[in-house]
>>> print(open('my_file_32.txt').read())   # compact mmCIF, C-alpha atoms and all ligand atoms
# COMPACT_ATOMS: atom_id res chain seq x y z
CA MET A 21 113.30 117.16 118.86
CA THR A 22 110.42 119.62 118.80
CA LEU A 23 106.87 118.44 118.42
CA ARG A 24 104.77 120.87 116.47
CA PHE A 25 101.54 120.02 118.19
CA ARG A 26 99.74 120.53 121.46
CA ASP A 27 97.00 117.96 120.73
CA LEU A 28 97.01 114.57 119.06
CA LEU A 29 94.14 114.75 116.61
CA ALA A 30 95.47 112.83 113.62
CA LEU A 31 98.59 111.12 112.29
CA GLU A 32 98.28 112.59 108.81
CA PRO A 33 100.08 115.88 109.61
CA LEU A 34 102.95 114.24 111.52
CA SER A 35 106.37 113.67 109.98
CA ALA A 36 108.21 110.35 110.00
CA ASP A 37 110.59 111.82 112.62
CA GLU A 38 107.73 112.83 114.89
CA LEU A 39 106.08 109.43 114.51
CA THR A 40 109.36 107.66 115.26
CA PHE A 41 109.78 109.88 118.31
CA LEU A 42 106.32 108.89 119.60
CA LEU A 43 107.06 105.19 119.02
CA ASP A 44 110.43 105.48 120.75
CA GLN A 45 108.87 107.27 123.70
CA SER A 46 106.42 104.36 124.11
CA ARG A 47 109.18 101.82 124.50
CA PRO A 48 110.04 102.41 128.20
CA PHE A 49 106.36 102.22 128.99
CA GLN A 50 106.27 98.79 127.36
CA THR A 51 108.85 97.66 129.87
CA ILE A 52 106.60 98.85 132.70
CA GLN A 53 103.85 96.48 131.53
CA ARG A 54 106.15 93.58 132.35
CA ASN A 55 106.91 94.76 135.89
CA PRO A 56 105.04 93.35 138.86
CA LEU A 57 104.66 96.95 140.06
CA LYS A 58 103.20 98.89 137.16
CA LYS A 59 102.32 102.19 138.71
CA LEU A 60 104.38 105.37 138.36
CA ALA A 61 103.95 108.72 140.05
CA THR A 62 104.83 110.73 136.96
CA LEU A 63 101.44 112.42 136.56
CA ARG A 64 100.44 112.43 140.20
CA GLY A 65 98.08 115.34 140.85
CA LYS A 66 97.02 115.52 137.18
CA THR A 67 93.57 114.66 135.88
CA VAL A 68 92.66 113.11 132.54
CA ALA A 69 89.06 113.62 131.35
CA LEU A 70 87.70 110.75 129.27
CA ALA A 71 84.73 111.75 127.13
CA PHE A 72 83.50 108.87 124.99
CA PHE A 73 80.45 109.98 123.05
CA GLU A 74 80.51 106.70 121.13
CA ASN A 75 80.66 103.20 122.59
CA SER A 76 84.07 101.88 123.38
CA THR A 77 85.40 99.22 125.67
CA ARG A 78 89.05 98.66 124.99
CA THR A 79 90.11 102.16 124.00
CA ARG A 80 88.43 103.76 127.01
CA ILE A 81 89.80 101.18 129.44
CA SER A 82 93.21 101.46 127.81
CA PHE A 83 93.37 105.26 128.24
CA ALA A 84 91.99 104.98 131.80
CA THR A 85 94.59 102.33 132.67
CA ALA A 86 97.35 104.39 131.06
CA ALA A 87 96.35 107.42 133.13
CA SER A 88 96.14 105.41 136.32
CA ARG A 89 99.53 103.76 135.74
CA LEU A 90 101.02 107.24 135.44
CA GLY A 91 99.46 108.18 138.76
CA ALA A 92 96.82 110.52 137.24
CA ASP A 93 93.17 110.62 138.20
CA THR A 94 90.41 110.29 135.62
CA MET A 95 87.07 111.99 135.09
CA ASN A 96 84.78 109.75 133.12
CA LEU A 97 81.93 110.97 130.98
CA GLN A 98 79.57 108.19 129.94
CA ALA A 99 77.69 109.41 126.90
CA GLU A 100 74.74 107.15 127.60
CA ALA A 101 74.17 108.69 131.02
CA SER A 102 75.23 112.24 130.18
CA SER A 103 73.37 115.48 129.57
CA LEU A 104 73.80 114.94 125.84
CA LYS A 105 70.69 112.85 126.18
CA LYS A 106 69.01 115.98 127.51
CA GLY A 107 69.97 118.02 124.47
CA GLU A 108 73.22 119.61 125.62
CA SER A 109 75.57 120.50 122.78
CA LEU A 110 78.95 118.85 122.39
CA LEU A 111 80.69 122.14 123.09
CA ASP A 112 78.70 122.83 126.25
CA THR A 113 79.44 119.32 127.49
CA VAL A 114 83.19 119.55 126.98
CA GLN A 115 83.36 123.11 128.30
CA THR A 116 81.59 121.90 131.44
CA LEU A 117 84.15 119.12 131.79
CA ASN A 118 86.94 121.62 131.17
CA ALA A 119 85.60 123.89 133.91
CA MET A 120 86.39 121.05 136.34
CA LYS A 121 90.03 121.66 135.40
CA PRO A 122 91.33 118.43 133.90
CA ASP A 123 94.84 118.55 132.39
CA CYS A 124 93.94 116.69 129.21
CA LEU A 125 90.81 115.54 127.37
CA VAL A 126 90.63 112.18 125.59
CA MET A 127 87.58 112.01 123.39
CA ARG A 128 85.78 109.73 120.99
CA HIS A 129 82.91 110.88 118.84
CA ALA A 130 80.88 109.51 115.95
CA SER A 131 81.48 112.64 113.84
CA SER A 132 84.66 113.09 111.82
CA GLY A 133 86.37 116.30 112.91
CA ALA A 134 84.71 116.42 116.36
CA ALA A 135 88.01 116.24 118.26
CA ASP A 136 89.50 118.95 116.07
CA PHE A 137 86.48 121.18 116.71
CA VAL A 138 86.71 120.67 120.47
CA ALA A 139 90.48 121.26 120.52
CA ARG A 140 89.96 124.67 118.92
CA HIS A 141 87.78 125.69 121.87
CA LEU A 142 89.75 124.28 124.81
CA ASP A 143 93.04 125.36 126.34
CA ILE A 144 94.08 121.84 127.37
CA PRO A 145 95.55 119.09 125.16
CA VAL A 146 92.97 116.98 123.34
CA ILE A 147 93.66 113.41 122.24
CA ASN A 148 91.42 112.00 119.54
CA ALA A 149 90.40 108.46 120.52
CA GLY A 150 88.51 107.99 117.25
CA ASP A 151 86.36 110.48 115.33
CA GLY A 152 83.84 109.06 112.91
CA THR A 153 85.56 107.64 109.86
CA HIS A 154 88.46 110.12 110.05
CA GLU A 155 91.30 108.91 112.31
CA HIS A 156 92.20 106.87 115.37
CA PRO A 157 95.77 108.03 115.97
CA SER A 158 96.62 106.04 119.11
CA GLN A 159 95.47 102.87 117.30
CA GLY A 160 97.75 103.66 114.35
CA LEU A 161 100.66 104.15 116.75
CA LEU A 162 100.05 100.95 118.69
CA ASP A 163 99.75 98.98 115.45
CA ALA A 164 103.06 100.39 114.22
CA LEU A 165 104.74 99.66 117.55
CA THR A 166 103.50 96.07 117.39
CA ILE A 167 104.77 95.63 113.82
CA ARG A 168 108.13 97.20 114.66
CA ASP A 169 108.57 94.87 117.65
CA ARG A 170 107.76 91.73 115.68
CA LEU A 171 109.44 92.49 112.34
CA GLY A 172 112.16 94.86 113.55
CA THR A 173 111.06 97.59 111.13
CA ILE A 174 108.08 99.47 109.77
CA GLU A 175 109.87 100.42 106.57
CA ASN A 176 108.97 99.31 103.05
CA LEU A 177 106.46 96.65 104.07
CA ASN A 178 103.58 95.28 102.01
CA VAL A 179 100.47 95.96 104.08
CA THR A 180 97.15 94.40 103.10
CA ILE A 181 94.05 95.86 104.73
CA LEU A 182 90.85 93.81 104.59
CA GLY A 183 87.24 94.81 105.10
CA ASP A 184 85.21 97.99 105.25
CA LEU A 185 87.92 100.45 104.32
CA GLN A 186 85.52 103.25 103.59
CA HIS A 187 84.25 103.53 107.16
CA SER A 188 87.50 102.69 108.92
CA ARG A 189 89.38 105.35 110.87
CA VAL A 190 91.83 102.61 111.87
CA ALA A 191 92.74 101.98 108.23
CA ARG A 192 93.25 105.70 107.60
CA SER A 193 95.53 106.18 110.61
CA ASN A 194 97.57 103.13 109.61
CA ILE A 195 97.95 104.40 106.06
CA HIS A 196 98.96 107.88 107.24
CA LEU A 197 101.59 106.44 109.57
CA LEU A 198 103.04 103.50 107.66
CA GLY A 199 102.86 105.37 104.36
CA LYS A 200 105.51 107.79 105.70
CA PHE A 201 107.89 104.82 106.02
CA GLY A 202 107.58 103.59 102.46
CA CYS A 203 104.98 100.89 103.08
CA ARG A 204 102.78 99.86 100.15
CA PHE A 205 99.10 99.20 100.67
CA THR A 206 96.69 96.72 99.14
CA LEU A 207 93.09 97.40 100.07
CA CYS A 208 90.61 94.56 99.71
CA GLY A 209 86.94 94.15 100.47
CA PRO A 210 83.53 94.30 98.82
CA ALA A 211 83.66 96.97 96.09
CA MET A 212 81.26 99.35 97.85
CA TRP A 213 83.58 99.45 100.88
CA VAL A 214 86.73 100.07 98.85
CA PRO A 215 85.90 103.08 96.66
CA GLN A 216 88.43 104.49 94.24
CA GLU A 217 88.94 107.70 96.25
CA LEU A 218 90.80 105.66 98.87
CA GLU A 219 93.74 105.45 96.46
CA GLU A 220 94.26 109.16 97.09
CA ILE A 221 94.26 109.21 100.91
CA GLY A 222 97.98 108.68 101.43
CA ALA A 223 100.61 111.38 101.04
CA PRO A 224 101.87 111.91 97.46
CA GLY A 225 103.94 108.94 96.35
CA VAL A 226 102.37 106.42 98.72
CA SER A 227 101.42 103.30 96.79
CA ILE A 228 97.80 102.28 97.39
CA ARG A 229 96.05 99.77 95.16
CA ARG A 230 92.64 98.17 95.35
CA VAL A 231 92.26 94.45 94.77
CA PHE A 232 88.94 92.66 94.96
CA ARG A 233 90.08 89.03 95.13
CA LEU A 234 91.31 88.20 98.61
CA GLU A 235 93.81 85.57 97.45
CA GLU A 236 95.48 88.12 95.17
CA ALA A 237 95.42 90.82 97.85
CA LEU A 238 97.28 88.58 100.28
CA GLU A 239 100.09 87.68 97.87
CA ASP A 240 103.45 88.81 99.31
CA ALA A 241 101.94 90.60 102.32
CA ASP A 242 104.16 91.29 105.34
CA VAL A 243 101.24 92.56 107.40
CA VAL A 244 97.53 91.78 107.14
CA LEU A 245 95.29 94.23 108.97
CA VAL A 246 91.81 92.80 109.37
CA LEU A 247 89.04 95.30 110.05
CA ARG A 248 85.90 94.58 111.96
CA VAL A 249 82.70 94.32 109.95
CA GLN A 250 81.06 97.44 111.35
CA THR A 251 77.39 96.61 111.34
CA GLU A 252 76.51 99.84 113.16
CA ARG A 253 78.17 101.96 110.50
CA MET A 254 77.02 99.95 107.54
CA HIS A 255 75.11 101.70 104.84
CA GLU A 256 73.22 100.20 101.98
CA PRO A 257 74.11 98.42 99.82
CA SER A 258 75.39 95.98 102.38
CA ILE A 259 76.53 92.37 102.17
CA SER A 260 75.29 89.30 104.03
CA ASN A 261 77.58 87.72 106.59
CA GLU A 262 77.53 84.53 104.51
CA ASP A 263 78.78 86.31 101.40
CA TYR A 264 81.37 88.23 103.38
CA VAL A 265 82.73 84.99 104.85
CA LEU A 266 82.88 83.39 101.42
CA GLY A 267 84.68 86.31 99.82
CA TYR A 268 86.72 88.05 102.47
CA GLN A 269 87.09 86.13 105.70
CA LEU A 270 90.73 85.61 106.66
CA ASN A 271 91.22 81.89 107.27
CA ALA A 272 94.37 79.80 107.63
CA GLU A 273 94.34 78.57 104.05
CA ARG A 274 94.05 82.06 102.62
CA LEU A 275 96.71 83.40 104.98
CA ARG A 276 99.21 80.98 103.42
CA ARG A 277 99.22 83.27 100.36
CA ALA A 278 100.95 85.94 102.44
CA LYS A 279 104.64 85.78 103.40
CA PRO A 280 105.32 82.88 105.79
CA ASN A 281 105.76 85.11 108.85
CA ALA A 282 103.19 87.70 107.88
CA LEU A 283 101.59 89.39 110.87
CA VAL A 284 97.85 89.48 111.43
CA LEU A 285 96.51 92.56 113.19
CA HIS A 286 92.97 93.39 114.25
CA PRO A 287 91.98 96.49 116.25
CA GLY A 288 89.15 94.67 118.00
CA PRO A 289 86.48 93.99 118.82
CA MET A 290 86.75 90.86 116.66
CA ASN A 291 83.79 89.10 115.15
CA ARG A 292 85.20 85.59 115.19
CA GLY A 293 83.77 83.52 112.40
CA SER A 294 82.92 86.66 110.44
CA GLU A 295 86.00 88.61 109.30
CA ILE A 296 88.50 86.19 110.84
CA THR A 297 88.54 82.53 111.87
CA PRO A 298 89.43 81.56 115.46
CA GLU A 299 92.35 79.54 114.07
CA VAL A 300 93.94 82.69 112.62
CA ALA A 301 92.92 84.97 115.49
CA ASP A 302 94.61 82.64 117.98
CA GLY A 303 97.43 81.49 115.70
CA PRO A 304 101.14 82.30 115.92
CA GLN A 305 100.91 85.08 113.36
CA SER A 306 98.22 86.92 115.28
CA CYS A 307 99.29 90.05 117.20
CA VAL A 308 95.87 90.85 118.62
CA LEU A 309 96.76 90.65 122.31
CA GLU A 310 100.13 92.35 121.85
CA GLN A 311 98.26 95.21 120.23
CA VAL A 312 96.15 95.57 123.37
CA THR A 313 99.20 95.51 125.66
CA ASN A 314 101.05 97.99 123.45
CA GLY A 315 98.00 100.25 123.47
CA ILE A 316 98.60 101.05 127.11
CA ALA A 317 102.28 101.88 126.51
CA VAL A 318 101.45 104.18 123.59
CA ARG A 319 98.74 105.94 125.57
CA MET A 320 100.99 106.35 128.59
CA ALA A 321 103.57 107.99 126.34
CA LEU A 322 100.98 110.28 124.77
CA LEU A 323 99.51 111.37 128.09
CA PHE A 324 102.96 111.93 129.53
CA LEU A 325 104.20 113.94 126.55
CA LEU A 326 101.12 116.09 126.15
CA ILE A 327 100.56 116.79 129.84
CA SER A 328 104.11 117.15 131.16
CA GLY A 329 106.41 117.41 128.24
CA PRO A 330 109.33 115.00 128.10
CA ALA A 331 112.27 114.97 130.45
CA GLU A 332 114.98 117.45 129.45
CA ASP A 333 117.71 115.44 131.10
CA SER A 334 118.65 111.86 130.46
CA ALA A 335 116.19 110.60 133.07
CA HIS A 336 113.08 109.20 131.48
CA PRO A 337 110.14 109.18 133.90
CA VAL A 338 110.10 105.42 133.76
CA ALA A 339 113.74 105.09 134.69
CA ASN A 340 113.53 106.91 138.00
CA SER A 341 109.89 107.11 138.91
CA ALA A 342 108.44 104.56 141.26
CA GLU A 343 105.18 105.03 143.13
CA GLU A 344 106.89 106.99 145.88
CA SER A 345 109.06 109.20 143.67
CA GLN A 346 108.36 112.82 142.84
CA PRO A 347 106.58 113.72 139.61
CA PRO A 348 108.82 115.55 137.15
CA ARG A 349 108.55 119.32 137.04
CA ASN A 350 105.95 120.51 134.63
CA ARG A 351 108.09 121.53 131.72
CA ARG A 352 105.27 122.43 129.44
CA SER A 353 105.99 125.43 127.31
CA THR A 354 103.89 128.50 127.99
CA ASP A 355 103.26 128.66 124.27
CA LYS A 356 100.89 125.73 123.93
CA LYS A 357 101.57 125.32 120.24
CA ASP A 358 105.26 124.85 120.86
CA LEU A 359 105.96 121.87 123.02
CA SER A 360 109.72 121.73 123.08
CA HIS A 361 111.65 118.58 123.68
CA ALA A 362 115.27 117.94 124.28
CA SER A 363 116.49 115.46 121.73
CA ASP A 364 116.97 111.96 122.98
C1 LIG B 1 88.14 100.43 116.45
C2 LIG B 1 87.37 101.72 116.50
O1 LIG B 1 86.51 101.92 117.34
O2 LIG B 1 87.64 102.53 115.64
N1 LIG B 1 88.23 99.75 117.66
C3 LIG B 1 89.03 100.15 118.65
O3 LIG B 1 89.28 101.31 118.85
N2 LIG B 1 89.60 99.20 119.38
C4 LIG B 1 87.70 99.58 115.36
C5 LIG B 1 86.29 99.14 115.36
O4 LIG B 1 85.51 99.44 116.24
O5 LIG B 1 85.95 98.43 114.41
>>> encode(input="my_file_32.txt", output="structure tokens")
Amino acid sequence: MTLRFRDLLALEPLSADELTFLLDQSRPFQTIQRNPLKKLATLRGKTVALAFFENSTRTRISFATAASRLGADTMNLQAEASSLKKGESLLDTVQTLNAMKPDCLVMRHASSGAADFVARHLDIPVINAGDGTHEHPSQGLLDALTIRDRLGTIENLNVTILGDLQHSRVARSNIHLLGKFGCRFTLCGPAMWVPQELEEIGAPGVSIRRVFRLEEALEDADVVLVLRVQTERMHEPSISNEDYVLGYQLNAERLRRAKPNALVLHPGPMNRGSEITPEVADGPQSCVLEQVTNGIAVRMALLFLLISGPAEDSAHPVANSAEESQPPRNRRSTDKKDLSHASD
């Protein structure tokens, strides 16, 4: 199949076929996570620049680990210690990084649209690792991969999303992905975090309803996505932790309203005792740690596809690439907007 994009900035513009392709490409990299020897040589000689202008632990480590397991080197920009603090513009910072000749830029920024802006100015692939309240595409993909592994499908599911929907890029990426597969969404949280405009964010025909009673929102759910209470992004009017717990915390008793095998997802970092109880976070329905493991597989697939292009023959890089093997030829199209793939 042919991917229409050079960068991964958002899931919204991608088709169901393209999303399925990305999920399928992640699968062999999942297998690698179970091997005692996890390192490939597929991207040996390549460099991935990581520019996180907003705090991140797991996403940054996940991309860095994905790059390293593909044999690539990383360049790491720490926003706290960078020249941004000295007044350098975002564009100057990323152009400086780009002048050091990385093969891909992974970036996170507090402003929605920042990754898109940067991608328009650079000639290397850009992966959005979270931009403001807009999207977090690799998180959407790893969530979908986790659901598909556990339930066998991502089609026609009832997905309940709990918390601060308004400020959640994770919720948006999940809706843009799962909505293309016929999933129906119930959004639940304090009214000021679940504004009416959210009903319009999916593609035409995607069912999104808002429900303000948690018990009702959980009814018949196949998947419950719990969002972190984002104190750093909270705007007035806010809600006290006590009231949030009373109204919206996912606990074992409330979870019984969902389908018996409903999955519980959380992108992390979790505030145990706030949006979720330890009993649920550590319970059999929780997928939290699988999400983290799958995050590396998804990010390996993304880095591989965007930097090298996929294998044209039957050999997937995972199948024949051990530490000592040769990296595949760089099959990247000269036209950067047209990354062609052989069908698989
Ligand atoms: C999410 C993020 O930063 O958007 N976390 C993550 O990437 N693992 C969610 C959050 O911080 O609440």
>>> atom_distance(input="my_file_32.txt", atom1="atom CA of A:Ala36", atom2="atom CA of A:Gly183")
26.6 Å
>>> atom_distance(input="my_file_32.txt", atom1="atom CA of A:Arg47", atom2="atom CA of A:Phe72")
26.6 Å
>>> closest_residue(input="my_file_32.txt", among="A:Ala86, A:Val308, A:Ala317, A:Leu60", to="ligand LIG 1 (chain B)", atoms="all atoms listed in the file")
A:Val308
>>> atom_distance(input="my_file_32.txt", atom1="atom CA of A:Ile147", atom2="atom CA of A:Leu218")
24.8 Å
>>> closest_residue(input="my_file_32.txt", among="A:Gly222, A:Gly202, A:Gly150, A:Pro157", to="ligand LIG 1 (chain B)", atoms="all atoms listed in the file")
A:Gly150
>>> closest_residue(input="my_file_32.txt", among="A:Ile316, A:Leu238, A:Leu185, A:Leu245", to="A:Pro280", atoms="only C-alpha atoms")
A:Leu238
>>> residues_near_ligand(input="my_file_32.txt", ligand="ligand LIG 1 (chain B)", cutoff="7 Å", atoms="only C-alpha atoms and all ligand atoms", output="PyMOL selection string")
chain A and resi 76+78-79+150+156+159+188-190+247-250+287-289
>>> closest_residue(input="my_file_32.txt", among="A:Asn281, A:Thr77, A:Asn271, A:Gly65", to="A:Asp302", atoms="all atoms listed in the file")
A:Asn271
>>> closest_residue(input="my_file_32.txt", among="A:Gly152, A:Pro298, A:Pro304, A:Pro210", to="A:Leu266", atoms="only C-alpha atoms")
A:Pro210
>>> residues_around(input="my_file_32.txt", residues="stretch 116-118 of chain A", least_positions_apart="2", cutoff="10 Å", atoms="all atoms listed in the file", output="MDAnalysis selection string")
chainID A and resid 69:71 95:97 110:114 120:125 142:144
>>> closest_residue(input="my_file_32.txt", among="A:Glu74, A:Glu236, A:Gln269, A:Asn314", to="A:Asn291", atoms="all atoms listed in the file")
A:Gln269
>>> residues_near_point(input="my_file_32.txt", point="(80.6, 112.4, 111.1)", cutoff="10 Å", atoms="only C-alpha atoms", output="JSON list (two decimals) with C-alpha atoms, in the coordinates of the input")
[["chain", "number", "residue", "atom", "x", "y", "z"],
["A", 129, "HIS", "CA", 82.91, 110.88, 118.84],
["A", 130, "ALA", "CA", 80.88, 109.51, 115.95],
["A", 131, "SER", "CA", 81.48, 112.64, 113.84],
["A", 132, "SER", "CA", 84.66, 113.09, 111.82],
["A", 133, "GLY", "CA", 86.37, 116.30, 112.91],
["A", 134, "ALA", "CA", 84.71, 116.42, 116.36],
["A", 151, "ASP", "CA", 86.36, 110.48, 115.33],
["A", 152, "GLY", "CA", 83.84, 109.06, 112.91],
["A", 153, "THR", "CA", 85.56, 107.64, 109.86],
["A", 154, "HIS", "CA", 88.46, 110.12, 110.05]]
>>> axis_aligned_box(input="my_file_32.txt", around="stretch 186-201 of chain A", padding_each_side="5 Å", output="lines of an AutoDock Vina configuration file")
center_x = 96.1
center_y = 104.9
center_z = 107.7
size_x = 33.6
size_y = 15.9
size_z = 18.3
>>> residues_near_point(input="my_file_32.txt", point="(99.9, 92.9, 103.0)", cutoff="8 Å", atoms="only C-alpha atoms", output="ChimeraX atom specification")
/A:177-181,205-206,237-245,278,282
>>> residues_around(input="my_file_32.txt", residues="A:Cys307", least_positions_apart="5", cutoff="9 Å", atoms="only C-alpha atoms", output="list in words")
Thr166, Ile167, Arg170, Leu283, Val284, Leu285, His286, Ala301, Asp302 and Val312 of chain A
>>> residues_around(input="my_file_32.txt", residues="A:Pro145", least_positions_apart="6", cutoff="10 Å", atoms="all atoms listed in the file", output="list in words")
Phe25, Arg26, Asp27, Leu28, Leu29, Val68, Pro122, Asp123, Cys124, Leu125, Val126, Ala139, Leu323, Leu326, Ile327, Lys356 and Lys357 of chain A
>>> write_last_selection(input="my_file_32.txt", atoms="C-alpha atoms", output="PDB file, in the frame of the given file")
ATOM      1  CA  PHE A  25     101.540 120.020 118.190  1.00  0.00           C
ATOM      2  CA  ARG A  26      99.740 120.530 121.460  1.00  0.00           C
ATOM      3  CA  ASP A  27      97.000 117.960 120.730  1.00  0.00           C
ATOM      4  CA  LEU A  28      97.010 114.570 119.060  1.00  0.00           C
ATOM      5  CA  LEU A  29      94.140 114.750 116.610  1.00  0.00           C
ATOM      6  CA  VAL A  68      92.660 113.110 132.540  1.00  0.00           C
ATOM      7  CA  PRO A 122      91.330 118.430 133.900  1.00  0.00           C
ATOM      8  CA  ASP A 123      94.840 118.550 132.390  1.00  0.00           C
ATOM      9  CA  CYS A 124      93.940 116.690 129.210  1.00  0.00           C
ATOM     10  CA  LEU A 125      90.810 115.540 127.370  1.00  0.00           C
ATOM     11  CA  VAL A 126      90.630 112.180 125.590  1.00  0.00           C
ATOM     12  CA  ALA A 139      90.480 121.260 120.520  1.00  0.00           C
ATOM     13  CA  LEU A 323      99.510 111.370 128.090  1.00  0.00           C
ATOM     14  CA  LEU A 326     101.120 116.090 126.150  1.00  0.00           C
ATOM     15  CA  ILE A 327     100.560 116.790 129.840  1.00  0.00           C
ATOM     16  CA  LYS A 356     100.890 125.730 123.930  1.00  0.00           C
ATOM     17  CA  LYS A 357     101.570 125.320 120.240  1.00  0.00           C
TER      18      LYS A 357
END
>>> decode(input="my_file_32.txt", residues="stretch 45-69 of chain A", atoms="N, CA and C atoms", output="PDB file, in the first residue's frame")
ATOM      1  N   GLN A  45       2.189  -3.324  10.891  1.00  0.00           N
ATOM      2  CA  GLN A  45       3.647  -3.184  10.837  1.00  0.00           C
ATOM      3  C   GLN A  45       4.270  -3.219  12.243  1.00  0.00           C
ATOM      4  N   SER A  46       3.479  -2.915  13.255  1.00  0.00           N
ATOM      5  CA  SER A  46       4.003  -2.915  14.635  1.00  0.00           C
ATOM      6  C   SER A  46       4.125  -4.332  15.186  1.00  0.00           C
ATOM      7  N   ARG A  47       3.364  -5.228  14.599  1.00  0.00           N
ATOM      8  CA  ARG A  47       3.277  -6.577  15.172  1.00  0.00           C
ATOM      9  C   ARG A  47       4.636  -7.293  15.275  1.00  0.00           C
ATOM     10  N   PRO A  48       5.438  -7.332  14.202  1.00  0.00           N
ATOM     11  CA  PRO A  48       6.737  -8.025  14.338  1.00  0.00           C
ATOM     12  C   PRO A  48       7.618  -7.384  15.401  1.00  0.00           C
ATOM     13  N   PHE A  49       7.451  -6.098  15.596  1.00  0.00           N
ATOM     14  CA  PHE A  49       8.266  -5.440  16.615  1.00  0.00           C
ATOM     15  C   PHE A  49       7.789  -5.793  18.029  1.00  0.00           C
ATOM     16  N   GLN A  50       6.524  -6.219  18.130  1.00  0.00           N
ATOM     17  CA  GLN A  50       6.047  -6.724  19.428  1.00  0.00           C
ATOM     18  C   GLN A  50       6.782  -8.016  19.783  1.00  0.00           C
ATOM     19  N   THR A  51       6.989  -8.840  18.771  1.00  0.00           N
ATOM     20  CA  THR A  51       7.667 -10.113  18.989  1.00  0.00           C
ATOM     21  C   THR A  51       9.076  -9.867  19.540  1.00  0.00           C
ATOM     22  N   ILE A  52       9.731  -8.862  18.971  1.00  0.00           N
ATOM     23  CA  ILE A  52      11.095  -8.521  19.397  1.00  0.00           C
ATOM     24  C   ILE A  52      11.161  -8.236  20.897  1.00  0.00           C
ATOM     25  N   GLN A  53      10.100  -7.614  21.427  1.00  0.00           N
ATOM     26  CA  GLN A  53      10.118  -7.257  22.861  1.00  0.00           C
ATOM     27  C   GLN A  53      10.207  -8.503  23.743  1.00  0.00           C
ATOM     28  N   ARG A  54       9.808  -9.634  23.167  1.00  0.00           N
ATOM     29  CA  ARG A  54       9.823 -10.874  23.966  1.00  0.00           C
ATOM     30  C   ARG A  54      11.126 -11.651  23.814  1.00  0.00           C
ATOM     31  N   ASN A  55      11.993 -11.194  22.910  1.00  0.00           N
ATOM     32  CA  ASN A  55      13.268 -11.881  22.703  1.00  0.00           C
ATOM     33  C   ASN A  55      14.283 -11.491  23.762  1.00  0.00           C
ATOM     34  N   PRO A  56      15.168 -12.431  24.129  1.00  0.00           N
ATOM     35  CA  PRO A  56      16.241 -12.021  25.044  1.00  0.00           C
ATOM     36  C   PRO A  56      17.155 -10.980  24.390  1.00  0.00           C
ATOM     37  N   LEU A  57      17.362 -11.123  23.067  1.00  0.00           N
ATOM     38  CA  LEU A  57      18.185 -10.139  22.346  1.00  0.00           C
ATOM     39  C   LEU A  57      17.235  -9.220  21.582  1.00  0.00           C
ATOM     40  N   LYS A  58      17.158  -7.972  22.015  1.00  0.00           N
ATOM     41  CA  LYS A  58      16.110  -7.095  21.472  1.00  0.00           C
ATOM     42  C   LYS A  58      16.617  -6.125  20.428  1.00  0.00           C
ATOM     43  N   LYS A  59      17.883  -6.130  20.171  1.00  0.00           N
ATOM     44  CA  LYS A  59      18.434  -5.085  19.318  1.00  0.00           C
ATOM     45  C   LYS A  59      18.596  -5.527  17.873  1.00  0.00           C
ATOM     46  N   LEU A  60      18.115  -4.687  16.955  1.00  0.00           N
ATOM     47  CA  LEU A  60      18.275  -4.919  15.522  1.00  0.00           C
ATOM     48  C   LEU A  60      19.299  -3.942  14.961  1.00  0.00           C
ATOM     49  N   ALA A  61      19.687  -4.187  13.717  1.00  0.00           N
ATOM     50  CA  ALA A  61      20.643  -3.277  13.075  1.00  0.00           C
ATOM     51  C   ALA A  61      19.975  -2.487  11.954  1.00  0.00           C
ATOM     52  N   THR A  62      18.651  -2.563  11.922  1.00  0.00           N
ATOM     53  CA  THR A  62      17.883  -2.001  10.803  1.00  0.00           C
ATOM     54  C   THR A  62      18.188  -0.528  10.512  1.00  0.00           C
ATOM     55  N   LEU A  63      18.331   0.274  11.542  1.00  0.00           N
ATOM     56  CA  LEU A  63      18.586   1.706  11.324  1.00  0.00           C
ATOM     57  C   LEU A  63      20.004   2.096  11.753  1.00  0.00           C
ATOM     58  N   ARG A  64      20.905   1.122  11.656  1.00  0.00           N
ATOM     59  CA  ARG A  64      22.284   1.440  12.023  1.00  0.00           C
ATOM     60  C   ARG A  64      22.807   2.580  11.145  1.00  0.00           C
ATOM     61  N   GLY A  65      23.474   3.538  11.755  1.00  0.00           N
ATOM     62  CA  GLY A  65      23.988   4.684  10.999  1.00  0.00           C
ATOM     63  C   GLY A  65      23.008   5.840  10.908  1.00  0.00           C
ATOM     64  N   LYS A  66      21.761   5.618  11.340  1.00  0.00           N
ATOM     65  CA  LYS A  66      20.755   6.689  11.310  1.00  0.00           C
ATOM     66  C   LYS A  66      20.704   7.373  12.689  1.00  0.00           C
ATOM     67  N   THR A  67      20.201   8.591  12.678  1.00  0.00           N
ATOM     68  CA  THR A  67      20.096   9.346  13.933  1.00  0.00           C
ATOM     69  C   THR A  67      18.680   9.888  14.096  1.00  0.00           C
ATOM     70  N   VAL A  68      18.130   9.686  15.263  1.00  0.00           N
ATOM     71  CA  VAL A  68      16.800  10.214  15.596  1.00  0.00           C
ATOM     72  C   VAL A  68      16.981  11.352  16.590  1.00  0.00           C
ATOM     73  N   ALA A  69      16.484  12.554  16.236  1.00  0.00           N
ATOM     74  CA  ALA A  69      16.547  13.687  17.170  1.00  0.00           C
ATOM     75  C   ALA A  69      15.274  13.693  18.010  1.00  0.00           C
TER      76      ALA A  69
END
